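J.: Here it is: the structure, laid out below.
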Amino acid sequence: MGASRREEEGIVIKTASHGRAWVETVRTSACEGCASKDACHASGKTMEVCAINDAGARVGDRVMVSIETATLIRMSLLAYIFPVIVMMVGAAIGNGLAPSLGVNASLSSGIGGFGSLAFSFLVIRMVEGRIASADRYTPRITKILMDL
């Protein structure tokens with residue numbers, strides 16, 4: 001049994017190099033946690049995503065684009081949970097260091113928390129390029145759909 005996948009229908013609007021194609025789909029809430037969302041161009045309810053063209057689709061073809069559900073979950077955790085955890089750890093460290101620094105615990109906790117949050121965004125920014133370029137994190141055109 002294969003891995004669970006999230007699938008969306010779309011239209012190929014242009015082909016790209018290295019066996020990829022740009023597909024216009026309807027934007028969903030699942031897009032928000034995706035590491036490749038920066039490779040998408042969203043305007044309103046539609047978005048364009050660069051996908052690996054496994055099906056050999058051409059411009060104008062209606063296609064099925066899919067990505068593994070586990071990948072979406074991992075990317076959601078990276079985008080949403082990681083910064084919150086890092087912020088809480090930074091706030092706790094700031095609170096713990098306050099007495100030895102001779103500063104207000106709330107101030108130290110706030111600086112530690114928000115400083116750590118900013119750091120977490122930098123870490124995400126540094127790894128997102130590698131994640132987005134990895135084929136396993138890139139949506140794939142899995143089939144060409146026939147028009148009725």
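Numbering starts fresh at 1 for the residues of each chain in the structure tokens, the chains themselves are lettered A, B, ... in the order given, and ligands are numbered from 1 as they appear.
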Report as a PyMOL selection string all protein, DNA and RNA residues lying within 12 Å of A:Val127, evaluated on only C-alpha atoms, omitting residues in the same chain fewer than 5 positions from it.

T.: chain A and resi 35-36+75+78-79+120-122+132-134

J.: Residues near A:Gly110, anyone? I mean within 9 Å using only C-alpha atoms, not counting same-chain ones fewer than 3 positions away, as a VMD selection string.

T.: chain A and resid 90 to 91 94 to 95 105 to 107 113 to 115

J.: Using only C-alpha atoms, can you tell me which of A:Glu8, A:Val84, A:Arg136, A:Thr25 comes closest to A:Thr46?

T.: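 Going through A:Glu8, A:Val84, A:Arg136, A:Thr25 one by one, the smallest distance to A:Thr46 is for A:Thr25.
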
J.: If you run DSSP on the backbone here, which positions in chain A get strand (DSSP E or B)? Please write them as number ranges by chain.

T.: A: 5-16, 20-26, 41-43, 46-52, 62-68, 140-145

J.: Restricted to N, CA and C atoms, what would the selected residues look like written as a short mmCIF file (atom, residue, chain, number, x, y, z; two decimals), in the first residue's frame?

T.:
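Heads up, here's the output in part29.cif:
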data_model
loop_
_atom_site.label_atom_id
_atom_site.label_comp_id
_atom_site.auth_asym_id
_atom_site.auth_seq_id
_atom_site.Cartn_x
_atom_site.Cartn_y
_atom_site.Cartn_z
N ARG A 5 -1.59 10.51 -0.03
CA ARG A 5 -1.22 11.70 -0.80
C ARG A 5 -2.36 12.70 -0.81
N ARG A 6 -1.99 13.97 -0.86
CA ARG A 6 -2.94 15.06 -1.03
C ARG A 6 -2.96 15.38 -2.51
N GLU A 7 -4.13 15.39 -3.13
CA GLU A 7 -4.22 15.62 -4.57
C GLU A 7 -5.09 16.82 -4.88
N GLU A 8 -4.71 17.55 -5.92
CA GLU A 8 -5.44 18.72 -6.40
C GLU A 8 -5.45 18.68 -7.93
N GLU A 9 -6.55 19.12 -8.51
CA GLU A 9 -6.62 19.26 -9.97
C GLU A 9 -6.12 20.64 -10.36
N GLY A 10 -5.54 20.71 -11.56
CA GLY A 10 -5.07 21.99 -12.05
C GLY A 10 -4.88 21.95 -13.56
N ILE A 11 -4.49 23.09 -14.10
CA ILE A 11 -4.24 23.23 -15.54
C ILE A 11 -2.78 23.64 -15.73
N VAL A 12 -2.08 22.95 -16.63
CA VAL A 12 -0.70 23.30 -16.93
C VAL A 12 -0.72 24.61 -17.72
N ILE A 13 0.00 25.62 -17.20
CA ILE A 13 0.02 26.92 -17.86
C ILE A 13 1.34 27.18 -18.59
N LYS A 14 2.39 26.49 -18.18
CA LYS A 14 3.66 26.57 -18.92
C LYS A 14 4.58 25.45 -18.45
N THR A 15 5.47 25.06 -19.36
CA THR A 15 6.45 24.04 -19.01
C THR A 15 7.74 24.74 -18.61
N ALA A 16 8.52 24.06 -17.80
CA ALA A 16 9.78 24.62 -17.31
C ALA A 16 10.90 23.62 -17.59
N ARG A 20 9.90 19.90 -15.33
CA ARG A 20 8.91 20.52 -14.44
C ARG A 20 7.91 21.33 -15.26
N ALA A 21 6.76 21.60 -14.65
CA ALA A 21 5.74 22.41 -15.30
C ALA A 21 5.03 23.26 -14.25
N TRP A 22 4.55 24.42 -14.67
CA TRP A 22 3.78 25.29 -13.80
C TRP A 22 2.30 24.95 -13.98
N VAL A 23 1.64 24.73 -12.83
CA VAL A 23 0.24 24.34 -12.83
C VAL A 23 -0.56 25.35 -12.02
N GLU A 24 -1.70 25.77 -12.57
CA GLU A 24 -2.59 26.66 -11.83
C GLU A 24 -3.64 25.81 -11.14
N THR A 25 -3.74 25.96 -9.82
CA THR A 25 -4.70 25.20 -9.02
C THR A 25 -5.48 26.17 -8.14
N VAL A 26 -6.47 25.64 -7.44
CA VAL A 26 -7.22 26.43 -6.47
C VAL A 26 -6.49 26.34 -5.15
N HIS A 41 2.89 30.95 -6.80
CA HIS A 41 2.48 32.33 -6.99
C HIS A 41 0.97 32.38 -6.82
N ALA A 42 0.55 32.87 -5.67
CA ALA A 42 -0.87 32.89 -5.35
C ALA A 42 -1.48 34.25 -5.67
N SER A 43 -2.67 34.21 -6.23
CA SER A 43 -3.43 35.44 -6.44
C SER A 43 -4.89 35.10 -6.18
N THR A 46 -6.68 31.28 -6.62
CA THR A 46 -5.87 30.39 -7.45
C THR A 46 -4.40 30.60 -7.12
N MET A 47 -3.61 29.61 -7.45
CA MET A 47 -2.16 29.72 -7.27
C MET A 47 -1.47 28.94 -8.37
N GLU A 48 -0.24 29.30 -8.59
CA GLU A 48 0.59 28.59 -9.55
C GLU A 48 1.68 27.88 -8.77
N VAL A 49 1.89 26.62 -9.09
CA VAL A 49 2.92 25.84 -8.42
C VAL A 49 3.77 25.13 -9.46
N CYS A 50 5.07 25.09 -9.19
CA CYS A 50 5.97 24.37 -10.07
C CYS A 50 6.03 22.92 -9.57
N ALA A 51 5.69 21.99 -10.44
CA ALA A 51 5.62 20.58 -10.06
C ALA A 51 6.48 19.74 -11.00
N ILE A 52 6.94 18.62 -10.50
CA ILE A 52 7.68 17.67 -11.32
C ILE A 52 6.68 17.03 -12.28
N ARG A 62 -5.35 19.36 -18.38
CA ARG A 62 -5.90 19.31 -17.02
C ARG A 62 -5.22 18.13 -16.33
N VAL A 63 -4.62 18.38 -15.17
CA VAL A 63 -3.78 17.37 -14.53
C VAL A 63 -4.12 17.20 -13.05
N MET A 64 -3.61 16.11 -12.49
CA MET A 64 -3.69 15.85 -11.06
C MET A 64 -2.31 16.10 -10.48
N VAL A 65 -2.22 17.00 -9.50
CA VAL A 65 -0.98 17.31 -8.80
C VAL A 65 -1.08 16.73 -7.41
N SER A 66 -0.03 16.04 -6.96
CA SER A 66 -0.10 15.44 -5.63
C SER A 66 1.20 15.62 -4.86
N ILE A 67 1.07 15.52 -3.56
CA ILE A 67 2.21 15.56 -2.65
C ILE A 67 1.86 14.64 -1.48
N GLU A 68 2.87 13.99 -0.91
CA GLU A 68 2.62 13.07 0.20
C GLU A 68 2.08 13.82 1.41
N ARG A 140 4.06 16.75 -7.51
CA ARG A 140 4.28 16.01 -8.75
C ARG A 140 2.99 15.97 -9.56
N ILE A 141 3.14 16.09 -10.87
CA ILE A 141 2.00 15.87 -11.76
C ILE A 141 1.93 14.37 -11.97
N THR A 142 0.89 13.76 -11.43
CA THR A 142 0.81 12.29 -11.44
C THR A 142 0.02 11.74 -12.61
N LYS A 143 -0.92 12.53 -13.15
CA LYS A 143 -1.66 12.05 -14.32
C LYS A 143 -2.33 13.19 -15.05
N ILE A 144 -2.58 12.94 -16.31
CA ILE A 144 -3.30 13.88 -17.15
C ILE A 144 -4.76 13.44 -17.13
N LEU A 145 -5.65 14.38 -16.83
CA LEU A 145 -7.08 14.06 -16.74
C LEU A 145 -7.75 14.32 -18.09
#

J.: Work out how far atom CA of A:Met146 is from atom CA of A:Arg58, in Å to one decimal.

T.: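 Separation between atom CA of A:Arg58 and atom CA of A:Met146: 12.9 Å.
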
J.: Between A:Gly129, A:Gly19, A:Gly60, A:Gly112, which one has atoms that come closest to A:Val86, using only C-alpha atoms?

T.: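 Nearest to A:Val86: A:Gly112.
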
J.: Taking only stretch 30-146 of chain A into account, list the residues labelled alpha helix (DSSP H) by DSSP (computed from the backbone), as a PyMOL selection string.

T.: chain A and resi 69-76+82-101+105-133

J.: Please measure the separation of atom CA of A:Thr69 and atom CA of A:Ile131, giving the value in Å to one decimal.

T.: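 Those two atoms sit 15.6 Å apart.
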
J.: Atom CA of A:Met87 to atom CA of A:Thr71: how many Å, to one decimal?

T.: 23.7 Å
